[in-house]
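Undergrad: Sharing data-v6.cif here; it has mmCIF, C-alpha atoms.
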data_target
#
loop_
_atom_site.label_atom_id
_atom_site.label_comp_id
_atom_site.auth_asym_id
_atom_site.auth_seq_id
_atom_site.Cartn_x
_atom_site.Cartn_y
_atom_site.Cartn_z
CA MET F 1 0.00 0.00 0.00
CA SER F 2 1.33 3.44 -0.90
CA PRO F 3 1.94 5.94 1.92
CA PHE F 4 -0.67 8.19 0.33
CA ALA F 5 -3.36 5.48 0.47
CA ALA F 6 -2.40 4.57 4.04
CA ALA F 7 -2.62 8.20 5.13
CA LEU F 8 -5.93 8.63 3.33
CA ILE F 9 -7.42 5.59 5.04
CA GLY F 10 -6.01 6.52 8.45
CA LEU F 11 -7.25 10.10 8.32
CA THR F 12 -10.63 8.98 7.00
CA ILE F 13 -11.18 6.47 9.81
CA HIS F 14 -10.09 9.03 12.39
CA LEU F 15 -12.20 11.91 11.10
CA ALA F 16 -15.26 9.81 10.27
CA ALA F 17 -15.65 9.16 14.00
CA TYR F 18 -15.77 12.90 14.66
CA ALA F 19 -18.13 13.46 11.73
CA ALA F 20 -20.48 10.78 13.10
CA GLU F 21 -20.60 12.59 16.46
CA ILE F 22 -21.41 15.87 14.73
CA VAL F 23 -24.27 14.31 12.75
CA ARG F 24 -25.65 12.63 15.87
CA ALA F 25 -25.52 15.82 17.92
CA GLY F 26 -27.11 17.81 15.07
CA ILE F 27 -30.04 15.43 14.73
CA GLU F 28 -30.54 15.15 18.48
CA SER F 29 -30.63 18.94 18.74
CA VAL F 30 -34.02 19.01 17.01
CA ARG F 31 -36.66 18.66 19.72
CA PRO F 32 -38.45 15.29 19.72
CA GLY F 33 -41.77 17.16 19.88
CA GLN F 34 -41.24 18.19 16.27
CA THR F 35 -40.89 14.58 15.14
CA ARG F 36 -44.01 13.61 17.08
CA ALA F 37 -45.95 16.55 15.65
CA ALA F 38 -44.89 15.65 12.10
CA LEU F 39 -45.83 11.99 12.62
CA ALA F 40 -49.16 13.09 14.05
CA LEU F 41 -49.78 15.10 10.88
CA GLY F 42 -49.46 11.87 8.91
CA MET F 43 -45.89 12.12 7.59
CA SER F 44 -43.94 8.92 7.16
CA ARG F 45 -40.66 8.52 9.09
CA ALA F 46 -38.70 9.17 5.90
CA GLN F 47 -40.66 12.35 5.30
CA VAL F 48 -40.02 13.50 8.87
CA VAL F 49 -36.30 13.01 8.40
CA ARG F 50 -36.25 14.72 5.01
CA ARG F 51 -38.59 17.63 5.65
CA ILE F 52 -38.30 18.34 9.39
CA LEU F 53 -35.12 16.91 10.92
CA LEU F 54 -32.47 17.37 8.25
CA PRO F 55 -33.22 20.95 7.14
CA GLN F 56 -32.70 22.17 10.72
CA ALA F 57 -30.03 19.68 11.74
CA ILE F 58 -27.77 20.31 8.73
CA VAL F 59 -27.62 24.05 9.38
CA ARG F 60 -26.77 23.40 13.02
CA MET F 61 -24.01 20.97 12.01
CA LEU F 62 -22.32 23.55 9.81
CA PRO F 63 -20.03 25.24 12.39
CA ALA F 64 -18.84 21.86 13.64
CA PHE F 65 -18.20 20.62 10.11
CA GLY F 66 -16.36 23.86 9.43
CA SER F 67 -13.98 23.30 12.29
CA LEU F 68 -13.65 19.65 11.29
CA LEU F 69 -12.55 20.86 7.86
CA SER F 70 -9.77 22.98 9.33
CA ILE F 71 -8.80 20.14 11.70
CA THR F 72 -8.56 17.86 8.65
CA ILE F 73 -6.25 20.27 6.84
CA LYS F 74 -4.05 20.51 9.94
CA ASP F 75 -4.05 16.75 10.52
CA THR F 76 -2.83 16.01 6.99
CA ALA F 77 0.54 17.29 8.24
CA ILE F 78 0.77 14.16 10.40
CA ALA F 79 0.91 12.08 7.21
CA SER F 80 4.50 13.34 6.94
CA VAL F 81 5.58 10.69 9.49
CA ILE F 82 4.88 7.95 6.94
CA ALA F 83 6.61 9.92 4.16
CA VAL F 84 3.61 11.18 2.23
CA PRO F 85 5.11 14.04 0.21
CA GLU F 86 2.73 16.76 1.45
CA LEU F 87 3.68 20.25 2.58
CA MET F 88 5.03 19.20 5.97
CA ARG F 89 7.16 16.37 4.58
CA GLN F 90 8.51 18.52 1.76
CA SER F 91 9.42 21.22 4.28
CA GLU F 92 11.37 18.66 6.31
CA THR F 93 13.18 17.51 3.18
CA VAL F 94 14.01 21.03 2.05
CA ALA F 95 15.05 22.01 5.57
CA GLY F 96 17.38 19.02 5.71
CA GLN F 97 18.93 19.70 2.31
CA SER F 98 19.35 23.44 2.69
CA PHE F 99 20.44 23.45 6.35
CA GLN F 100 18.10 26.40 6.84
CA PRO F 101 15.36 24.86 8.98
CA ILE F 102 14.26 28.15 10.55
CA GLU F 103 13.53 29.86 7.25
CA VAL F 104 11.88 26.78 5.76
CA PHE F 105 9.67 25.93 8.74
CA SER F 106 8.68 29.56 9.25
CA PHE F 107 7.69 29.74 5.59
CA ALA F 108 5.71 26.50 5.96
CA MET F 109 3.93 28.11 8.92
CA LEU F 110 3.01 31.06 6.74
CA LEU F 111 1.69 28.75 4.01
CA TYR F 112 -0.44 26.69 6.42
CA PHE F 113 -1.79 29.86 7.98
CA LEU F 114 -2.66 31.32 4.57
CA MET F 115 -4.49 28.10 3.71
CA LEU F 116 -6.36 27.74 6.97
CA PHE F 117 -7.27 31.28 7.97
CA PRO F 118 -9.54 31.92 4.95
CA VAL F 119 -11.18 28.53 5.54
CA THR F 120 -12.03 29.22 9.19
CA ARG F 121 -13.11 32.79 8.40
CA GLY F 122 -15.14 31.70 5.36
CA VAL F 123 -16.97 29.02 7.31
CA ASP F 124 -17.78 31.54 10.07
CA ARG F 125 -19.15 34.04 7.59
CA PHE F 126 -21.17 31.45 5.70
CA TYR F 127 -22.68 30.15 8.93
CA ARG F 128 -23.69 33.64 10.06
CA ARG F 129 -25.58 34.04 6.80
CA VAL F 130 -27.53 30.79 7.10
CA ALA F 131 -27.82 30.49 10.91
CA HIS F 132 -31.42 31.75 10.92
CA LEU F 133 -32.47 28.71 8.85
CA GLY F 134 -31.58 26.38 11.73
CA ARG F 135 -33.71 28.10 14.35
CA SER F 136 -36.90 26.49 15.49
CA MET R 1 8.89 -2.21 4.41
CA ARG R 2 9.99 -5.36 6.15
CA ALA R 3 7.75 -8.39 5.71
CA LEU R 4 5.96 -9.58 8.82
CA PRO R 5 7.61 -12.68 10.31
CA ALA R 6 5.14 -15.17 8.82
CA MET R 7 2.31 -13.57 10.80
CA THR R 8 3.29 -15.25 14.02
CA LEU R 9 2.41 -12.77 16.67
CA ASP R 10 4.48 -12.64 19.79
CA TRP R 11 2.76 -10.56 22.42
CA SER R 12 5.38 -11.27 25.07
CA VAL R 13 7.38 -8.41 23.57
CA VAL R 14 4.91 -5.99 25.14
CA TRP R 15 5.34 -7.50 28.61
CA GLN R 16 9.12 -7.64 28.26
CA HIS R 17 9.29 -3.90 27.67
CA ARG R 18 6.74 -2.99 30.32
CA ASP R 19 9.15 -0.79 32.27
CA ALA R 20 9.89 1.38 29.24
CA LEU R 21 6.19 1.59 28.38
CA ILE R 22 5.27 2.57 31.94
CA ALA R 23 7.97 5.24 31.97
CA GLY R 24 6.68 6.50 28.60
CA THR R 25 3.13 6.62 29.94
CA ALA R 26 4.36 8.61 32.95
CA THR R 27 6.04 11.11 30.61
CA THR R 28 2.83 11.39 28.58
CA PHE R 29 0.89 12.27 31.73
CA LEU R 30 3.63 14.63 32.89
CA LEU R 31 3.52 16.44 29.55
CA THR R 32 -0.27 16.72 29.66
CA ILE R 33 -0.30 18.03 33.23
CA ALA R 34 2.61 20.45 32.73
CA THR R 35 1.17 21.79 29.47
CA MET R 36 -2.19 22.47 31.12
CA ALA R 37 -0.48 24.02 34.15
CA ILE R 38 1.20 26.49 31.79
CA ALA R 39 -1.59 26.93 29.26
CA VAL R 40 -4.43 27.69 31.68
CA PRO R 41 -2.91 30.78 33.34
CA CYS R 42 -1.40 31.94 30.04
CA GLY R 43 -4.77 31.40 28.35
CA VAL R 44 -6.46 33.57 30.98
CA VAL R 45 -3.92 36.34 30.39
CA VAL R 46 -4.30 36.22 26.60
CA ALA R 47 -8.10 36.15 26.85
CA VAL R 48 -8.16 39.15 29.20
CA LEU R 49 -5.76 41.02 26.91
CA ARG R 50 -8.00 40.22 23.96
CA LEU R 51 -11.08 41.49 25.76
CA TYR R 52 -9.97 44.48 27.78
CA ALA R 53 -6.47 45.63 26.83
CA TRP R 54 -5.27 48.66 24.92
CA ARG R 55 -6.14 48.28 21.22
CA PRO R 56 -2.68 47.37 19.79
CA VAL R 57 -2.15 44.82 22.57
CA ARG R 58 -5.57 43.42 21.83
CA ALA R 59 -4.64 43.01 18.16
CA LEU R 60 -1.42 41.27 19.16
CA ALA R 61 -3.28 38.80 21.41
CA THR R 62 -5.83 38.14 18.66
CA GLY R 63 -3.03 37.58 16.17
CA TYR R 64 -1.36 35.07 18.48
CA VAL R 65 -4.58 33.10 18.98
CA GLU R 66 -5.47 33.09 15.28
CA LEU R 67 -1.96 32.07 14.28
CA PHE R 68 -1.59 29.09 16.60
CA ARG R 69 -5.14 27.86 16.14
CA ASN R 70 -4.50 27.71 12.41
CA LEU R 71 -1.21 25.80 12.44
CA PRO R 72 -0.69 22.03 12.50
CA LEU R 73 0.72 21.06 15.89
CA ILE R 74 3.39 18.87 14.33
CA LEU R 75 4.74 21.91 12.46
CA VAL R 76 4.83 23.95 15.67
CA VAL R 77 6.77 21.09 17.29
CA TYR R 78 9.39 21.08 14.50
CA TRP R 79 9.53 24.86 14.48
CA ALA R 80 10.11 24.99 18.24
CA PHE R 81 12.77 22.31 17.90
CA TYR R 82 14.83 24.43 15.49
CA VAL R 83 13.96 27.98 16.49
CA LEU R 84 13.78 27.92 20.30
CA PRO R 85 17.43 27.01 20.91
CA ILE R 86 18.52 29.89 18.69
CA MET R 87 15.99 32.37 20.04
CA THR R 88 16.71 31.63 23.69
CA GLY R 89 20.37 30.66 23.31
CA LEU R 90 19.74 27.67 25.58
CA GLY R 91 20.27 24.02 24.81
CA LEU R 92 16.72 22.91 25.56
CA SER R 93 15.96 19.24 26.17
CA PRO R 94 13.47 17.58 23.80
CA LEU R 95 11.00 17.42 26.70
CA ALA R 96 11.23 21.17 27.32
CA THR R 97 10.92 21.87 23.60
CA GLY R 98 7.88 19.62 23.29
CA LEU R 99 6.35 21.23 26.36
CA ALA R 100 6.89 24.69 24.85
CA ALA R 101 5.30 23.70 21.53
CA LEU R 102 2.29 22.09 23.21
CA SER R 103 1.89 25.09 25.53
CA LEU R 104 1.97 27.58 22.64
CA ASN R 105 -0.77 25.60 20.92
CA VAL R 106 -3.01 24.89 23.91
CA THR R 107 -2.69 28.45 25.27
CA ALA R 108 -4.28 29.72 22.05
CA TYR R 109 -7.18 27.27 22.38
CA ASN R 110 -7.63 28.02 26.08
CA ALA R 111 -7.62 31.77 25.44
CA GLU R 112 -10.45 31.26 22.97
CA THR R 113 -12.32 29.10 25.49
CA PHE R 114 -12.01 31.74 28.22
CA ARG R 115 -13.01 34.55 25.89
CA ALA R 116 -16.08 32.66 24.68
CA GLY R 117 -16.98 31.77 28.28
CA ILE R 118 -16.80 35.38 29.44
CA ASN R 119 -18.67 36.62 26.37
CA SER R 120 -21.41 34.05 26.90
CA ILE R 121 -22.62 35.91 30.01
CA ARG R 122 -25.11 38.54 28.94
CA ARG R 123 -23.96 42.20 29.03
CA GLY R 124 -27.00 43.11 31.07
CA GLN R 125 -25.53 41.30 34.04
CA VAL R 126 -22.40 43.48 34.14
CA GLU R 127 -24.53 46.56 33.67
CA ALA R 128 -26.81 45.49 36.51
CA ALA R 129 -23.81 44.78 38.77
CA MET R 130 -22.30 48.18 37.98
CA ALA R 131 -25.63 49.89 38.52
CA LEU R 132 -25.60 48.33 42.00
CA GLY R 133 -22.30 50.15 42.63
CA MET R 134 -19.77 47.39 41.90
CA THR R 135 -16.58 48.33 40.09
CA ARG R 136 -15.84 46.64 36.77
CA ALA R 137 -13.32 44.35 38.49
CA GLN R 138 -15.84 43.41 41.18
CA ALA R 139 -18.51 42.68 38.58
CA LEU R 140 -16.05 40.49 36.72
CA ARG R 141 -14.96 38.63 39.86
CA ARG R 142 -18.32 38.19 41.56
CA VAL R 143 -20.80 37.96 38.70
CA ILE R 144 -19.15 36.96 35.43
CA VAL R 145 -16.38 34.57 36.47
CA PRO R 146 -18.46 32.24 38.70
CA GLN R 147 -20.97 31.68 35.89
CA ALA R 148 -18.43 31.61 33.07
CA LEU R 149 -16.40 28.95 34.93
CA ARG R 150 -19.23 26.45 34.66
CA ARG R 151 -19.24 26.92 30.90
CA ILE R 152 -15.45 26.90 30.64
CA LEU R 153 -14.58 23.84 32.73
CA PRO R 154 -16.21 21.22 30.46
CA VAL R 155 -14.48 22.74 27.43
CA LEU R 156 -11.14 22.76 29.24
CA ALA R 157 -11.73 19.13 30.09
CA SER R 158 -12.25 18.17 26.46
CA THR R 159 -9.16 20.18 25.51
CA TRP R 160 -7.37 18.07 28.12
CA VAL R 161 -8.44 14.85 26.41
CA SER R 162 -7.35 16.14 22.98
CA LEU R 163 -4.06 17.27 24.50
CA PHE R 164 -3.51 13.85 26.05
CA LYS R 165 -3.69 12.32 22.58
CA ASP R 166 -1.76 15.15 20.91
CA THR R 167 1.25 14.68 23.19
CA SER R 168 2.09 11.72 20.92
CA LEU R 169 3.14 14.25 18.26
CA VAL R 170 6.19 15.36 20.23
CA SER R 171 7.62 11.89 19.59
CA VAL R 172 8.92 13.33 16.29
CA ILE R 173 11.54 15.28 18.25
CA ALA R 174 12.45 12.24 20.39
CA VAL R 175 10.62 13.07 23.60
CA THR R 176 10.49 9.70 25.34
CA GLU R 177 6.73 9.57 25.89
CA LEU R 178 4.46 6.62 25.19
CA ALA R 179 4.43 6.91 21.38
CA TYR R 180 8.18 7.36 21.08
CA VAL R 181 8.94 4.48 23.45
CA SER R 182 6.57 2.18 21.54
CA MET R 183 8.20 3.12 18.24
CA GLN R 184 11.63 2.49 19.72
CA VAL R 185 10.68 -0.97 20.95
CA ARG R 186 9.14 -1.61 17.55
CA ALA R 187 12.40 -0.64 15.83
CA GLN R 188 14.50 -2.80 18.15
CA THR R 189 12.36 -5.93 18.07
CA PHE R 190 10.72 -5.65 14.61
CA ARG R 191 7.46 -6.55 16.33
CA VAL R 192 5.56 -3.90 14.36
CA LEU R 193 2.01 -5.15 14.67
CA GLU R 194 2.27 -6.06 18.33
CA MET R 195 3.77 -2.77 19.42
CA LEU R 196 1.42 -0.56 17.39
CA THR R 197 -1.58 -2.50 18.71
CA ALA R 198 -0.28 -2.29 22.27
CA MET R 199 0.27 1.43 21.88
CA ALA R 200 -3.24 1.94 20.51
CA MET R 201 -4.73 -0.09 23.37
CA LEU R 202 -2.76 1.80 25.99
CA TYR R 203 -3.85 5.18 24.64
CA TRP R 204 -7.43 3.96 24.45
CA LEU R 205 -7.47 2.47 27.94
CA LEU R 206 -6.01 5.66 29.38
CA GLY R 207 -8.05 8.05 27.26
CA TYR R 208 -11.51 6.47 27.41
CA PRO R 209 -12.13 7.00 31.15
CA GLN R 210 -11.02 10.60 30.75
CA ALA R 211 -13.42 11.12 27.84
CA LYS R 212 -16.27 9.59 29.86
CA LEU R 213 -15.46 11.93 32.74
CA VAL R 214 -15.70 14.87 30.34
CA ASP R 215 -19.12 13.70 29.11
CA TRP R 216 -20.29 13.50 32.70
CA MET R 217 -18.96 16.99 33.47
CA GLN R 218 -20.71 18.39 30.41
CA ARG R 219 -24.04 16.96 31.55
CA ARG R 220 -23.49 18.05 35.13
CA MET R 221 -22.43 21.63 34.48
CA LYS R 222 -25.00 22.66 31.92
CA VAL R 223 -25.77 26.32 32.65
CA THR R 224 -29.06 28.00 32.12
CA GLU R 225 -29.04 31.72 32.75
#
Any chance you could put this one into structure tokens?
TA:
Amino acid sequence: MSPFAAALIGLTIHLAAYAAEIVRAGIESVRPGQTRAALALGMSRAQVVRRILLPQAIVRMLPAFGSLLSITIKDTAIASVIAVPELMRQSETVAGQSFQPIEVFSFAMLLYFLMLFPVTRGVDRFYRRVAHLGRS
Amino acid sequence: MRALPAMTLDWSVVWQHRDALIAGTATTFLLTIATMAIAVPCGVVVAVLRLYAWRPVRALATGYVELFRNLPLILVVYWAFYVLPIMTGLGLSPLATGLAALSLNVTAYNAETFRAGINSIRRGQVEAAMALGMTRAQALRRVIVPQALRRILPVLASTWVSLFKDTSLVSVIAVTELAYVSMQVRAQTFRVLEMLTAMAMLYWLLGYPQAKLVDWMQRRMKVTE
């Protein structure tokens, strides 16, 4: 198995557990009274999920998924320990070859920050625009 | 990669190296405790600076938090490893370097936790306290902090659990904590599967009770204003 595939599988297994918790918490955040009311109105369970639960739950999951996205980007750096040639690994290589670790790692810091800051800010802004849709 | 020795698993290797593994576990706990001991007071300071300080200082504190929350921890560890000895002029041990990197990271998260906790208490409460003749400091100490603490503690506890797992990252600069020790035994004995499984089980056995404790705290300390 290639290091890339191993890292992909490892990160996926790890982050899927967090994603599952987010989905669970999002669905549980919708009051059970709403499900009962929808069932009482004659909706099927599938309809309740599609029309009542998910529209509210998905909006409420957004901030958590946003931070999971930035955690994912940060965690990809750990793939460097099994020699996946991503930014972190390449920085180590360049730092070792050039004997200028301070410059190289500081530059890598700048690159990671430039990648991640817009993501966290963008997710925040997007959530603020749609937050009202998740209220009940 | 070396082929597995005909898939015969020899778990005795774990027991043979129990002393090293126990010492590694102790270092892992030491790192977690020391990091929190540094990052909680520092987090309070940064949060207070972010909320109440003179504008340029506030911007500086915000910049610090945003920077370290948006960097991979493993990069901070490497960076500290190369930069700290030059910046401070001291020959720091790997443990001290790892501790510094973890503290820089967790302080940023804690500062954000404290700030959010303080902000979560409605403004009206400070205004009411000040209308009753309290000073701003009194209002903070008697009204805001006692309530904010109940919101902050569960979050700090989950940061603790993440930190406990994240200490494994300082193994890349040869801090002899649980992950590094396991990798060393693995390299010496070539018992790859056994050691990685043992390491995973140890982290799980140690981490799971802590996570359950956090869940309990979160249920217990739910605040309604």
Undergrad: Can you check which parts of chain F lie within 7 Å of chain R? Per residue, the shortest pair of atoms and distance in Å to one decimal, counting all atoms listed in the file, sorted by chain and number, as JSON lines.
TA:
{"residue": "F:Lys74", "atom": "CA", "partner": "R:Pro72", "partner_atom": "CA", "distance": 4.5}
{"residue": "F:Asp75", "atom": "CA", "partner": "R:Pro72", "partner_atom": "CA", "distance": 6.6}
{"residue": "F:Ala77", "atom": "CA", "partner": "R:Pro72", "partner_atom": "CA", "distance": 6.5}
{"residue": "F:Ile78", "atom": "CA", "partner": "R:Ile74", "partner_atom": "CA", "distance": 6.7}
{"residue": "F:Pro101", "atom": "CA", "partner": "R:Tyr82", "partner_atom": "CA", "distance": 6.5}
{"residue": "F:Ile102", "atom": "CA", "partner": "R:Val83", "partner_atom": "CA", "distance": 5.9}
{"residue": "F:Phe105", "atom": "CA", "partner": "R:Trp79", "partner_atom": "CA", "distance": 5.8}
{"residue": "F:Met109", "atom": "CA", "partner": "R:Leu71", "partner_atom": "CA", "distance": 6.6}
{"residue": "F:Tyr112", "atom": "CA", "partner": "R:Leu71", "partner_atom": "CA", "distance": 6.1}
{"residue": "F:Phe113", "atom": "CA", "partner": "R:Asn70", "partner_atom": "CA", "distance": 5.6}
{"residue": "F:Leu116", "atom": "CA", "partner": "R:Asn70", "partner_atom": "CA", "distance": 5.7}
{"residue": "F:Phe117", "atom": "CA", "partner": "R:Asn70", "partner_atom": "CA", "distance": 6.3}
Undergrad: Under the PyMOL selection byres ((chain F and resi 15-20) around 12), which residues of this model are included? Write them out as number ranges by chain.
TA: F: 7-14, 21-27, 61-76
Undergrad: Mind working out the centre and edge lengths of an axis-aligned box for region 155-161 of chain R, all listed atoms inside, 6 Å added to each side, rounded to one decimal in Å and written as JSON?
TA:
{"center_x": -10.9, "center_y": 18.8, "center_z": 27.8, "size_x": 19.1, "size_y": 19.9, "size_z": 16.6}
Undergrad: Need the shell around Phe29 (chain R): protein/DNA/RNA residues with any atom at most 9 Å away, counting all atoms listed in the file. Skip same-chain ones fewer than 5 positions apart. Format as a VMD selection string?
TA: chain R and resid 24 34 164 167 177
Undergrad: So that I can check the surroundings of Gly207 (chain R), please list as a list in words every protein, DNA and RNA residue that reaches within 9 Å of it, counting all atoms listed in the file and ignoring chain neighbours fewer than 5 positions away.
TA: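 That gives Val161, Phe164, Lys165, Leu202 and Lys212 of chain R.
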Undergrad: Could you dump the residues just selected with C-alpha atoms as a PDB file, in the coordinates of the input?
TA:
ATOM      1  CA  VAL R 161      -8.440  14.850  26.410  1.00  0.00           C
ATOM      2  CA  PHE R 164      -3.510  13.850  26.050  1.00  0.00           C
ATOM      3  CA  LYS R 165      -3.690  12.320  22.580  1.00  0.00           C
ATOM      4  CA  LEU R 202      -2.760   1.800  25.990  1.00  0.00           C
ATOM      5  CA  LYS R 212     -16.270   9.590  29.860  1.00  0.00           C
TER       6      LYS R 212
END
Undergrad: CA of Ala198 (chain R) to CA of Ile33 (chain R): how many Å, to one decimal?
TA: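 Between CA of Ala198 (chain R) and CA of Ile33 (chain R) the gap works out to 23.1 Å.
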Undergrad: Can you list what the PyMOL selection byres ((chain R and resi 211) around 12) grabs from this structure, as a VMD selection string?
TA: chain R and resid 154 to 165 203 to 210 212 to 218
Undergrad: Looking at R:Met36, R:Arg115, R:Asp10, R:Ser120, which one is nearest to Arg50 (chain R), with distances taken over all atoms listed in the file?
TA: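 For Arg50 (chain R), the nearest of the candidates is R:Arg115.
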Undergrad: Evaluating the PyMOL selection byres ((chain R and resi 179-183) around 9) on the displayed file yields which residues, as JSON, numbers by chain?
TA: {"R": [20, 21, 23, 24, 25, 28, 167, 168, 169, 170, 171, 172, 174, 175, 176, 177, 178, 184, 185, 186, 187, 188, 192, 195, 196, 198, 199]}
Undergrad: Check the smallest atom-to-atom distance from each of R:Glu127, R:Asn105, R:Met87, R:Trp15 to Gly43 (chain R) using only C-alpha atoms, then report the winner.
TA: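 For Gly43 (chain R), the nearest of the candidates is R:Asn105.
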Undergrad: Rounded to one decimal place, report the CA of Pro55 (chain F)-CA of Gly134 (chain F) distance in Å.
TA: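 Going from CA of Pro55 (chain F) over to CA of Gly134 (chain F) covers 7.3 Å.
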